[in-house]
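As stored in start04.pdb (PDB, C-alpha atoms):
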ATOM      1  CA  MET M   4       0.000   0.000   0.000
ATOM      2  CA  SER M   5       1.357   3.451  -0.866
ATOM      3  CA  ARG M   6       2.041   6.022   1.817
ATOM      4  CA  THR M   7      -0.925   8.119   0.789
ATOM      5  CA  ALA M   8      -3.244   5.117   0.741
ATOM      6  CA  ALA M   9      -2.037   4.183   4.222
ATOM      7  CA  THR M  10      -2.644   7.747   5.451
ATOM      8  CA  ARG M  11      -6.112   7.632   3.932
ATOM      9  CA  GLU M  12      -6.913   4.412   5.780
ATOM     10  CA  LYS M  13      -5.722   6.023   9.010
ATOM     11  CA  ALA M  14      -7.883   9.069   8.302
ATOM     12  CA  LEU M  15     -10.994   6.968   7.782
ATOM     13  CA  ASP M  16     -10.223   4.966  10.918
ATOM     14  CA  ALA M  17      -9.733   8.197  12.859
ATOM     15  CA  PHE M  18     -13.165   9.402  11.736
ATOM     16  CA  GLY M  19     -14.688   6.127  12.905
ATOM     17  CA  ASP M  20     -14.758   7.416  16.468
ATOM     18  CA  PRO M  21     -17.622   9.810  17.278
ATOM     19  CA  THR M  22     -15.608  11.803  19.839
ATOM     20  CA  ARG M  23     -12.829  12.332  17.321
ATOM     21  CA  ARG M  24     -15.370  13.496  14.746
ATOM     22  CA  ARG M  25     -16.670  16.039  17.278
ATOM     23  CA  ILE M  26     -13.140  17.239  18.078
ATOM     24  CA  PHE M  27     -12.424  17.604  14.370
ATOM     25  CA  GLU M  28     -15.689  19.544  13.943
ATOM     26  CA  ARG M  29     -14.576  21.956  16.653
ATOM     27  CA  LEU M  30     -11.477  22.815  14.573
ATOM     28  CA  ARG M  31     -13.420  23.456  11.379
ATOM     29  CA  HIS M  32     -13.557  27.213  11.737
ATOM     30  CA  ARG M  33     -10.514  28.054  13.789
ATOM     31  CA  THR M  34      -7.406  26.987  15.634
ATOM     32  CA  ARG M  35      -7.959  25.927  19.261
ATOM     33  CA  SER M  36      -5.999  24.770  22.283
ATOM     34  CA  VAL M  37      -6.772  21.483  24.061
ATOM     35  CA  ARG M  38      -8.577  23.425  26.779
ATOM     36  CA  GLU M  39     -10.740  25.250  24.245
ATOM     37  CA  ILE M  40     -11.558  21.988  22.533
ATOM     38  CA  ALA M  41     -12.438  20.229  25.780
ATOM     39  CA  ASP M  42     -14.626  23.121  27.023
ATOM     40  CA  GLY M  43     -18.246  22.180  26.613
ATOM     41  CA  MET M  44     -17.394  18.587  25.760
ATOM     42  CA  ASP M  45     -18.086  15.630  27.966
ATOM     43  CA  VAL M  46     -14.472  14.460  27.666
ATOM     44  CA  SER M  47     -11.399  15.026  29.848
ATOM     45  CA  ARG M  48      -8.461  17.063  28.575
ATOM     46  CA  PRO M  49      -6.084  14.063  28.579
ATOM     47  CA  ALA M  50      -8.627  12.121  26.509
ATOM     48  CA  VAL M  51      -8.897  15.056  24.081
ATOM     49  CA  SER M  52      -5.077  15.111  23.810
ATOM     50  CA  GLN M  53      -5.083  11.399  23.040
ATOM     51  CA  HIS M  54      -7.710  11.827  20.313
ATOM     52  CA  LEU M  55      -5.757  14.780  18.875
ATOM     53  CA  LYS M  56      -2.694  12.576  18.679
ATOM     54  CA  VAL M  57      -4.618  10.026  16.603
ATOM     55  CA  LEU M  58      -5.937  12.790  14.315
ATOM     56  CA  GLN M  59      -2.398  14.143  13.961
ATOM     57  CA  GLN M  60      -0.995  10.719  13.046
ATOM     58  CA  ALA M  61      -3.762  10.388  10.467
ATOM     59  CA  GLY M  62      -2.601  13.666   8.851
ATOM     60  CA  LEU M  63      -5.901  15.409   9.635
ATOM     61  CA  VAL M  64      -4.713  17.839  12.300
ATOM     62  CA  VAL M  65      -1.514  19.839  12.834
ATOM     63  CA  VAL M  66      -0.199  21.436  15.981
ATOM     64  CA  CYS M  67       1.806  24.616  16.323
ATOM     65  CA  SER M  68       3.270  26.302  19.371
ATOM     66  CA  GLN M  69       2.422  29.878  20.218
ATOM     67  CA  GLY M  70       4.463  30.819  23.255
ATOM     68  CA  THR M  71       3.622  28.164  25.821
ATOM     69  CA  ARG M  72       0.331  27.280  24.107
ATOM     70  CA  ARG M  73      -0.073  24.390  21.718
ATOM     71  CA  LEU M  74      -2.695  25.190  19.117
ATOM     72  CA  TYR M  75      -4.403  22.622  16.932
ATOM     73  CA  SER M  76      -5.781  23.185  13.455
ATOM     74  CA  ILE M  77      -7.026  21.179  10.497
ATOM     75  CA  GLU M  78      -4.308  20.020   8.069
ATOM     76  CA  PRO M  79      -5.581  21.148   4.652
ATOM     77  CA  ARG M  80      -3.339  18.779   2.701
ATOM     78  CA  GLY M  81      -4.665  15.765   4.578
ATOM     79  CA  ILE M  82      -8.179  16.884   3.813
ATOM     80  CA  ALA M  83      -7.286  17.601   0.184
ATOM     81  CA  ALA M  84      -5.942  14.077  -0.304
ATOM     82  CA  LEU M  85      -9.020  12.572   1.295
ATOM     83  CA  ARG M  86     -11.419  14.790  -0.556
ATOM     84  CA  GLY M  87      -9.643  14.429  -3.853
ATOM     85  CA  TRP M  88      -9.921  10.693  -3.533
ATOM     86  CA  LEU M  89     -13.596  10.894  -2.699
ATOM     87  CA  ASP M  90     -14.726  13.670  -4.990
ATOM     88  CA  GLY M  91     -12.389  13.472  -7.901
ATOM     89  CA  PHE M  92     -10.201  16.494  -8.385
ATOM     90  CA  TRP M  93     -11.288  17.392 -11.914
ATOM     91  CA  ASP M  94     -14.953  16.585 -11.409
ATOM     92  CA  GLU M  95     -15.107  18.966  -8.508
ATOM     93  CA  ALA M  96     -13.096  21.711 -10.234
ATOM     94  CA  LEU M  97     -15.040  21.460 -13.519
ATOM     95  CA  THR M  98     -18.399  21.396 -11.797
ATOM     96  CA  ALA M  99     -17.474  24.577  -9.910
ATOM     97  CA  PHE M 100     -16.186  26.160 -13.149
ATOM     98  CA  LYS M 101     -19.412  25.313 -15.012
ATOM     99  CA  GLU M 102     -21.488  26.999 -12.315
ATOM    100  CA  ALA M 103     -19.289  30.123 -12.353
ATOM    101  CA  ALA M 104     -19.342  30.407 -16.184
ATOM    102  CA  GLU M 105     -23.128  30.000 -16.277
ATOM    103  CA  ARG M 106     -23.584  32.654 -13.599
ATOM    104  CA  GLU M 107     -21.380  35.005 -15.634
ATOM    105  CA  ALA M 108     -23.261  34.273 -18.898
ATOM    106  CA  SER M 109     -26.576  34.903 -17.183
ATOM    107  CA  ARG M 110     -25.287  38.227 -15.775
ATOM    108  CA  GLU M 111     -24.212  39.269 -19.296
ATOM    109  CA  ARG M 112     -27.586  38.391 -20.817
ATOM    110  CA  LYS M 113     -29.287  40.682 -18.318
ATOM    111  CA  ARG M 114     -27.035  43.631 -19.157
TER     112      ARG M 114
ATOM    113  CA  MET T   8     -24.017  17.830 -12.179
ATOM    114  CA  LYS T   9     -20.927  15.702 -12.638
ATOM    115  CA  ALA T  10     -18.412  16.120 -15.419
ATOM    116  CA  GLN T  11     -18.608  13.187 -17.819
ATOM    117  CA  SER T  12     -15.742  10.861 -18.620
ATOM    118  CA  THR T  13     -15.482   9.147 -21.996
ATOM    119  CA  PRO T  14     -16.242   5.439 -22.071
ATOM    120  CA  ALA T  15     -12.744   5.066 -23.562
ATOM    121  CA  ASN T  16     -11.114   6.769 -20.570
ATOM    122  CA  ASP T  17      -8.672   3.926 -20.102
ATOM    123  CA  ASN T  18      -5.290   5.522 -20.806
ATOM    124  CA  PRO T  19      -3.329   5.005 -17.573
ATOM    125  CA  ASN T  20      -1.317   8.184 -18.226
ATOM    126  CA  SER T  21      -4.199  10.582 -18.692
ATOM    127  CA  VAL T  22      -7.579  11.618 -17.369
ATOM    128  CA  TRP T  23     -10.233  13.010 -19.705
ATOM    129  CA  LYS T  24     -13.283  14.991 -18.612
ATOM    130  CA  THR T  25     -15.913  17.008 -20.404
ATOM    131  CA  THR T  26     -18.725  19.236 -19.262
ATOM    132  CA  LEU T  27     -21.377  21.224 -21.142
ATOM    133  CA  VAL T  28     -21.530  24.845 -20.061
ATOM    134  CA  GLN T  29     -24.491  27.127 -20.827
ATOM    135  CA  ALA T  30     -22.257  30.046 -21.806
ATOM    136  CA  PRO T  31     -20.573  31.075 -25.084
ATOM    137  CA  PRO T  32     -16.878  30.093 -25.491
ATOM    138  CA  ALA T  33     -15.665  33.679 -24.896
ATOM    139  CA  VAL T  34     -17.388  33.768 -21.510
ATOM    140  CA  ALA T  35     -16.286  30.237 -20.613
ATOM    141  CA  TRP T  36     -12.696  31.138 -21.542
ATOM    142  CA  ARG T  37     -12.786  34.337 -19.524
ATOM    143  CA  VAL T  38     -14.180  32.673 -16.417
ATOM    144  CA  PHE T  39     -11.704  29.801 -16.693
ATOM    145  CA  THR T  40      -8.640  31.991 -17.152
ATOM    146  CA  GLU T  41      -9.344  35.410 -15.606
ATOM    147  CA  GLN T  42     -11.685  34.406 -12.799
ATOM    148  CA  MET T  43     -10.149  31.140 -11.719
ATOM    149  CA  GLY T  44     -10.082  32.268  -8.099
ATOM    150  CA  ALA T  45     -13.874  32.541  -8.163
ATOM    151  CA  TRP T  46     -14.454  28.843  -8.857
ATOM    152  CA  TRP T  47     -11.310  26.826  -8.120
ATOM    153  CA  PRO T  48     -11.952  24.794  -4.919
ATOM    154  CA  LEU T  49      -9.263  26.728  -3.019
ATOM    155  CA  ALA T  50     -10.289  25.365   0.354
ATOM    156  CA  VAL T  51      -9.009  21.927  -0.599
ATOM    157  CA  TYR T  52      -6.969  22.153  -3.809
ATOM    158  CA  LYS T  53      -4.114  24.368  -2.710
ATOM    159  CA  ILE T  54      -0.570  23.715  -1.575
ATOM    160  CA  GLY T  55       0.494  26.689   0.583
ATOM    161  CA  GLN T  56       0.530  26.743   4.379
ATOM    162  CA  VAL T  57      -1.809  29.733   4.655
ATOM    163  CA  ASN T  58      -5.396  30.101   3.424
ATOM    164  CA  ALA T  59      -5.501  30.579  -0.344
ATOM    165  CA  VAL T  60      -7.619  33.489  -1.561
ATOM    166  CA  ASP T  61      -6.991  33.464  -5.318
ATOM    167  CA  ALA T  62      -5.835  31.296  -8.214
ATOM    168  CA  VAL T  63      -4.082  33.220 -10.972
ATOM    169  CA  LEU T  64      -3.132  32.431 -14.561
ATOM    170  CA  GLU T  65      -0.826  34.961 -16.237
ATOM    171  CA  PRO T  66      -2.366  35.422 -19.715
ATOM    172  CA  ARG T  67       0.531  34.488 -21.989
ATOM    173  CA  VAL T  68       2.716  31.571 -22.996
ATOM    174  CA  GLY T  69       5.290  31.155 -20.225
ATOM    175  CA  GLY T  70       3.010  32.865 -17.698
ATOM    176  CA  ARG T  71       2.873  31.611 -14.132
ATOM    177  CA  TRP T  72      -0.037  29.667 -12.688
ATOM    178  CA  TYR T  73      -0.187  30.115  -8.951
ATOM    179  CA  GLU T  74      -2.242  30.477  -5.797
ATOM    180  CA  ARG T  75      -2.144  33.583  -3.637
ATOM    181  CA  GLY T  76      -2.402  33.257   0.132
ATOM    182  CA  ASP T  77      -4.184  35.590   2.520
ATOM    183  CA  ASP T  78      -0.765  36.906   3.638
ATOM    184  CA  GLY T  79       0.127  37.889   0.042
ATOM    185  CA  SER T  80       2.496  34.955  -0.494
ATOM    186  CA  THR T  81       2.263  32.966  -3.719
ATOM    187  CA  CYS T  82       2.806  29.279  -4.475
ATOM    188  CA  ASP T  83       3.391  28.196  -8.061
ATOM    189  CA  TRP T  84       1.354  25.358  -9.543
ATOM    190  CA  GLY T  85       2.698  25.411 -13.112
ATOM    191  CA  ARG T  86       3.075  27.416 -16.302
ATOM    192  CA  VAL T  87       1.071  28.405 -19.370
ATOM    193  CA  LEU T  88       2.320  26.304 -22.293
ATOM    194  CA  LEU T  89      -0.202  27.367 -24.943
ATOM    195  CA  TRP T  90      -2.575  30.321 -24.995
ATOM    196  CA  GLU T  91      -5.161  30.405 -27.821
ATOM    197  CA  PRO T  92      -8.241  32.331 -26.649
ATOM    198  CA  PRO T  93     -11.071  31.467 -26.703
ATOM    199  CA  SER T  94     -10.557  27.897 -27.777
ATOM    200  CA  ARG T  95      -7.456  26.168 -26.479
ATOM    201  CA  LEU T  96      -5.287  26.332 -23.390
ATOM    202  CA  VAL T  97      -2.403  24.107 -22.314
ATOM    203  CA  LEU T  98      -0.953  24.343 -18.809
ATOM    204  CA  SER T  99       1.712  22.447 -16.976
ATOM    205  CA  TRP T 100       0.692  21.128 -13.554
ATOM    206  CA  ASP T 101       3.865  20.848 -11.519
ATOM    207  CA  VAL T 102       2.476  19.830  -8.146
ATOM    208  CA  ASN T 103       3.900  16.503  -7.059
ATOM    209  CA  ALA T 104       2.224  13.618  -5.246
ATOM    210  CA  ASP T 105       3.118  15.199  -1.875
ATOM    211  CA  TRP T 106       1.304  18.394  -2.962
ATOM    212  CA  GLN T 107       4.535  20.360  -3.307
ATOM    213  CA  TYR T 108       5.625  22.468  -6.277
ATOM    214  CA  ASP T 109       8.220  20.719  -8.423
ATOM    215  CA  PRO T 110       9.058  22.596 -11.656
ATOM    216  CA  ASP T 111      10.499  19.421 -13.145
ATOM    217  CA  LEU T 112       7.262  17.451 -12.811
ATOM    218  CA  GLN T 113       5.504  18.878 -15.877
ATOM    219  CA  THR T 114       2.288  16.975 -16.226
ATOM    220  CA  GLU T 115       0.086  18.674 -18.842
ATOM    221  CA  ILE T 116      -3.479  19.910 -18.819
ATOM    222  CA  GLU T 117      -5.142  20.745 -22.121
ATOM    223  CA  VAL T 118      -8.487  22.530 -22.068
ATOM    224  CA  ARG T 119     -10.583  22.958 -25.212
ATOM    225  CA  PHE T 120     -13.604  25.231 -25.482
ATOM    226  CA  ILE T 121     -15.891  24.008 -28.291
ATOM    227  CA  ALA T 122     -18.927  26.092 -29.275
ATOM    228  CA  GLN T 123     -22.246  24.265 -29.184
ATOM    229  CA  GLY T 124     -24.576  26.655 -30.982
ATOM    230  CA  GLU T 125     -24.391  30.302 -29.909
ATOM    231  CA  SER T 126     -24.809  30.100 -26.195
ATOM    232  CA  ALA T 127     -23.207  26.879 -25.033
ATOM    233  CA  THR T 128     -19.703  25.447 -24.887
ATOM    234  CA  ARG T 129     -18.437  21.940 -24.504
ATOM    235  CA  VAL T 130     -15.336  22.101 -22.331
ATOM    236  CA  GLU T 131     -12.971  19.169 -22.673
ATOM    237  CA  LEU T 132     -10.144  18.729 -20.247
ATOM    238  CA  GLU T 133      -7.298  16.269 -20.562
ATOM    239  CA  HIS T 134      -4.742  15.887 -17.784
ATOM    240  CA  ARG T 135      -1.911  13.910 -19.334
ATOM    241  CA  LYS T 136       1.701  12.783 -18.880
ATOM    242  CA  LEU T 137       0.704  11.316 -15.538
ATOM    243  CA  ASP T 138       3.576   8.865 -16.017
ATOM    244  CA  ARG T 139       5.637  11.794 -14.702
ATOM    245  CA  TYR T 140       4.400  10.768 -11.243
ATOM    246  CA  GLY T 141       6.448   7.574 -11.582
ATOM    247  CA  ALA T 142       5.553   4.936  -8.999
ATOM    248  CA  ARG T 143       2.717   7.119  -7.697
ATOM    249  CA  ARG T 144       0.977   7.483 -11.055
ATOM    250  CA  ASP T 145      -2.015   5.227 -10.300
ATOM    251  CA  GLU T 146      -2.617   6.841  -6.941
ATOM    252  CA  MET T 147      -2.580  10.332  -8.501
ATOM    253  CA  ARG T 148      -4.691   9.279 -11.465
ATOM    254  CA  ARG T 149      -7.338   8.057  -9.047
ATOM    255  CA  ILE T 150      -7.383  11.418  -7.296
ATOM    256  CA  PHE T 151      -7.736  13.318 -10.575
ATOM    257  CA  ASN T 152     -10.195  10.901 -12.133
ATOM    258  CA  THR T 153     -12.536   9.643  -9.435
ATOM    259  CA  GLU T 154     -16.165  10.498  -9.983
ATOM    260  CA  GLY T 155     -17.594  12.095  -6.899
ATOM    261  CA  ASP T 156     -19.989  10.184  -4.753
ATOM    262  CA  TRP T 157     -20.845  11.672  -1.402
ATOM    263  CA  GLY T 158     -23.356   8.884  -0.840
ATOM    264  CA  ARG T 159     -20.502   6.410  -0.874
ATOM    265  CA  LEU T 160     -18.565   8.579   1.566
ATOM    266  CA  LEU T 161     -21.444   8.794   4.005
ATOM    267  CA  ALA T 162     -22.093   5.058   3.805
ATOM    268  CA  MET T 163     -18.419   4.424   4.474
ATOM    269  CA  PHE T 164     -18.306   6.765   7.449
ATOM    270  CA  ALA T 165     -21.478   5.154   8.794
ATOM    271  CA  ALA T 166     -19.899   1.704   8.454
ATOM    272  CA  ARG T 167     -16.704   2.842  10.183
ATOM    273  CA  ALA T 168     -18.698   4.500  12.940
ATOM    274  CA  ALA T 169     -20.682   1.291  13.442
ATOM    275  CA  GLU T 170     -17.408  -0.666  13.687
ATOM    276  CA  GLY T 171     -16.207   1.837  16.266
ATOM    277  CA  ALA T 172     -19.389   1.469  18.260
ATOM    278  CA  ASN T 173     -19.296  -2.340  18.209
ATOM    279  CA  PRO T 174     -15.647  -3.342  18.387
TER     280      PRO T 174
END

Could you take the file, read its structure, and then write that structure out as structure tokens?
Amino acid sequence: MSRTAATREKALDAFGDPTRRRIFERLRHRTRSVREIADGMDVSRPAVSQHLKVLQQAGLVVVCSQGTRRLYSIEPRGIAALRGWLDGFWDEALTAFKEAAEREASRERKR
Amino acid sequence: MKAQSTPANDNPNSVWKTTLVQAPPAVAWRVFTEQMGAWWPLAVYKIGQVNAVDAVLEPRVGGRWYERGDDGSTCDWGRVLLWEPPSRLVLSWDVNADWQYDPDLQTEIEVRFIAQGESATRVELEHRKLDRYGARRDEMRRIFNTEGDWGRLLAMFAARAAEGANP
């Protein structure tokens, strides 16, 4: 199995756990610390850290240090590989292009 | 709507897609080349570390093809190899299998804009020379070629979640 295929398997496995899916959801819109992730969740901080480690190993989450804080965010390349595999790179790009060109043509007709 | 693949889409070194656009070729060309940032799925198909806010094609042979990040930085994707508005465009796609720019990669993308009557265009896209990916050709071809199916994704996630719930 290629490296990417192995990463993909890990990513799908990582998403198999509902708590990990919720943690991942909480990073959708912005970077957060473990404390911020755990706040409002029914999960201890050490458990959140453990789940983050799995997400990191699956290439779905990256961590960066800001002073003494460790901040977690979604790894776009991991998502791109997963999404590309699921969606099809050119299907997705061409579908989006078609919609944009048709919007533009319709705007011009109204002028 | 999904882009269509030809039934004969069996060349292991290329991917072929076509889509019918309800816009004349001049408009289709302009949106494809000048307004790429408005439709390219920048949230997922980008290579820089920061958020990408635009995709830019410099309108001439030899022009750069790149993404621009929200901090003003740019990351090259490839070059313009042929520029024949409003009917034919050839680009090099120099992003390797690790999603890093590699100017020596040089896979090729040809896009043709074929008028269908006065107000529609058939857009054909061929991504070729995938053999340039070497041992990772099949893996990359799958990424470029796969036909989207969110239903399959959801079913798969559901199955994995069920496995997780009943180990």

* Structure fact -> As a check of understanding: the span from CA of Arg139 (chain T) to CA of Glu117 (chain T) is 15.9 Å

* Distance in Å - CA of Lys24 (chain T) versus CA of Trp84 (chain T) -> 20.1 Å

* To do: Would you work out the distance separating CA of Lys101 (chain M) from CA of Val51 (chain T), expressed in Å to one decimal?
  =>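 Computing the Euclidean distance for CA of Lys101 (chain M) and CA of Val51 (chain T) yields 18.1 Å.
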
So that each row is one residue of chain M with an atom at most 7 Å from chain T, can you give its shortest atom pair and the distance in Å to one decimal, using all atoms listed in the file, rows by chain and rising number, as JSON lines?
{"residue": "M:Asp16", "atom": "CA", "partner": "T:Arg167", "partner_atom": "CA", "distance": 6.9}
{"residue": "M:Gly19", "atom": "CA", "partner": "T:Ala168", "partner_atom": "CA", "distance": 4.3}
{"residue": "M:Asp20", "atom": "CA", "partner": "T:Gly171", "partner_atom": "CA", "distance": 5.8}
{"residue": "M:Pro21", "atom": "CA", "partner": "T:Ala168", "partner_atom": "CA", "distance": 6.9}
{"residue": "M:Pro79", "atom": "CA", "partner": "T:Val51", "partner_atom": "CA", "distance": 6.3}
{"residue": "M:Ile82", "atom": "CA", "partner": "T:Val51", "partner_atom": "CA", "distance": 6.8}
{"residue": "M:Ala83", "atom": "CA", "partner": "T:Val51", "partner_atom": "CA", "distance": 4.7}
{"residue": "M:Gly87", "atom": "CA", "partner": "T:Ile150", "partner_atom": "CA", "distance": 5.1}
{"residue": "M:Trp88", "atom": "CA", "partner": "T:Ile150", "partner_atom": "CA", "distance": 4.6}
{"residue": "M:Leu89", "atom": "CA", "partner": "T:Gly155", "partner_atom": "CA", "distance": 5.9}
{"residue": "M:Asp90", "atom": "CA", "partner": "T:Gly155", "partner_atom": "CA", "distance": 3.8}
{"residue": "M:Gly91", "atom": "CA", "partner": "T:Thr153", "partner_atom": "CA", "distance": 4.1}
{"residue": "M:Phe92", "atom": "CA", "partner": "T:Phe151", "partner_atom": "CA", "distance": 4.6}
{"residue": "M:Trp93", "atom": "CA", "partner": "T:Phe151", "partner_atom": "CA", "distance": 5.6}
{"residue": "M:Asp94", "atom": "CA", "partner": "T:Ala10", "partner_atom": "CA", "distance": 5.3}
{"residue": "M:Ala96", "atom": "CA", "partner": "T:Trp47", "partner_atom": "CA", "distance": 5.8}
{"residue": "M:Leu97", "atom": "CA", "partner": "T:Ala10", "partner_atom": "CA", "distance": 6.6}
{"residue": "M:Thr98", "atom": "CA", "partner": "T:Lys9", "partner_atom": "CA", "distance": 6.3}
{"residue": "M:Ala99", "atom": "CA", "partner": "T:Trp46", "partner_atom": "CA", "distance": 5.3}
{"residue": "M:Phe100", "atom": "CA", "partner": "T:Trp46", "partner_atom": "CA", "distance": 5.3}
{"residue": "M:Lys101", "atom": "CA", "partner": "T:Val28", "partner_atom": "CA", "distance": 5.5}
{"residue": "M:Ala103", "atom": "CA", "partner": "T:Trp46", "partner_atom": "CA", "distance": 6.1}
{"residue": "M:Ala104", "atom": "CA", "partner": "T:Ala35", "partner_atom": "CA", "distance": 5.4}
{"residue": "M:Glu105", "atom": "CA", "partner": "T:Gln29", "partner_atom": "CA", "distance": 5.6}
{"residue": "M:Ala108", "atom": "CA", "partner": "T:Ala30", "partner_atom": "CA", "distance": 5.2}

Find the smallest box with edges along x, y and z containing every listed atom of region 96-99 of chain T, then add 8 Å on each side and report centre and edge lengths in Å to one decimal, as AutoDock Vina command-line options.
--center_x -1.8 --center_y 24.4 --center_z -20.2 --size_x 23.0 --size_y 19.9 --size_z 22.4

* **Contacts of region 30-43 of chain M within 12 Å, all atoms listed in the file, excl. fewer than 4 positions in-chain, as a PyMOL selection string** => (chain M and resi 22-26+47-56+58+63-69+71-79+82) or (chain T and resi 50+58)

Selection near Asn20 (chain T), 10 Å with only C-alpha atoms, sequence-local residues under 3 positions removed, as a PDB file with C-alpha atoms, in the frame of the given file:
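Final file, result19.pdb:
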ATOM      1  CA  ASP T  17      -8.672   3.926 -20.102  1.00  0.00           C
ATOM      2  CA  THR T 114       2.288  16.975 -16.226  1.00  0.00           C
ATOM      3  CA  HIS T 134      -4.742  15.887 -17.784  1.00  0.00           C
ATOM      4  CA  ARG T 135      -1.911  13.910 -19.334  1.00  0.00           C
ATOM      5  CA  LYS T 136       1.701  12.783 -18.880  1.00  0.00           C
ATOM      6  CA  LEU T 137       0.704  11.316 -15.538  1.00  0.00           C
ATOM      7  CA  ASP T 138       3.576   8.865 -16.017  1.00  0.00           C
ATOM      8  CA  ARG T 139       5.637  11.794 -14.702  1.00  0.00           C
ATOM      9  CA  TYR T 140       4.400  10.768 -11.243  1.00  0.00           C
ATOM     10  CA  ARG T 144       0.977   7.483 -11.055  1.00  0.00           C
ATOM     11  CA  ASP T 145      -2.015   5.227 -10.300  1.00  0.00           C
ATOM     12  CA  ARG T 148      -4.691   9.279 -11.465  1.00  0.00           C
TER      13      ARG T 148
END

* Would you list the contacts of Asp111 (chain T) as a list of chain:residue names, taking every protein, DNA or RNA residue within 10 Å and counting all atoms listed in the file, but skipping same-chain residues closer than 3 positions in sequence? => T:Gly85, T:Trp100, T:Asp101, T:Val102, T:Asn103, T:Tyr108, T:Thr114, T:Arg139

Convert the current residue selection to file output with C-alpha atoms, as a PDB file, in the frame of the given file.
ATOM      1  CA  GLY T  85       2.698  25.411 -13.112  1.00  0.00           C
ATOM      2  CA  TRP T 100       0.692  21.128 -13.554  1.00  0.00           C
ATOM      3  CA  ASP T 101       3.865  20.848 -11.519  1.00  0.00           C
ATOM      4  CA  VAL T 102       2.476  19.830  -8.146  1.00  0.00           C
ATOM      5  CA  ASN T 103       3.900  16.503  -7.059  1.00  0.00           C
ATOM      6  CA  TYR T 108       5.625  22.468  -6.277  1.00  0.00           C
ATOM      7  CA  THR T 114       2.288  16.975 -16.226  1.00  0.00           C
ATOM      8  CA  ARG T 139       5.637  11.794 -14.702  1.00  0.00           C
TER       9      ARG T 139
END
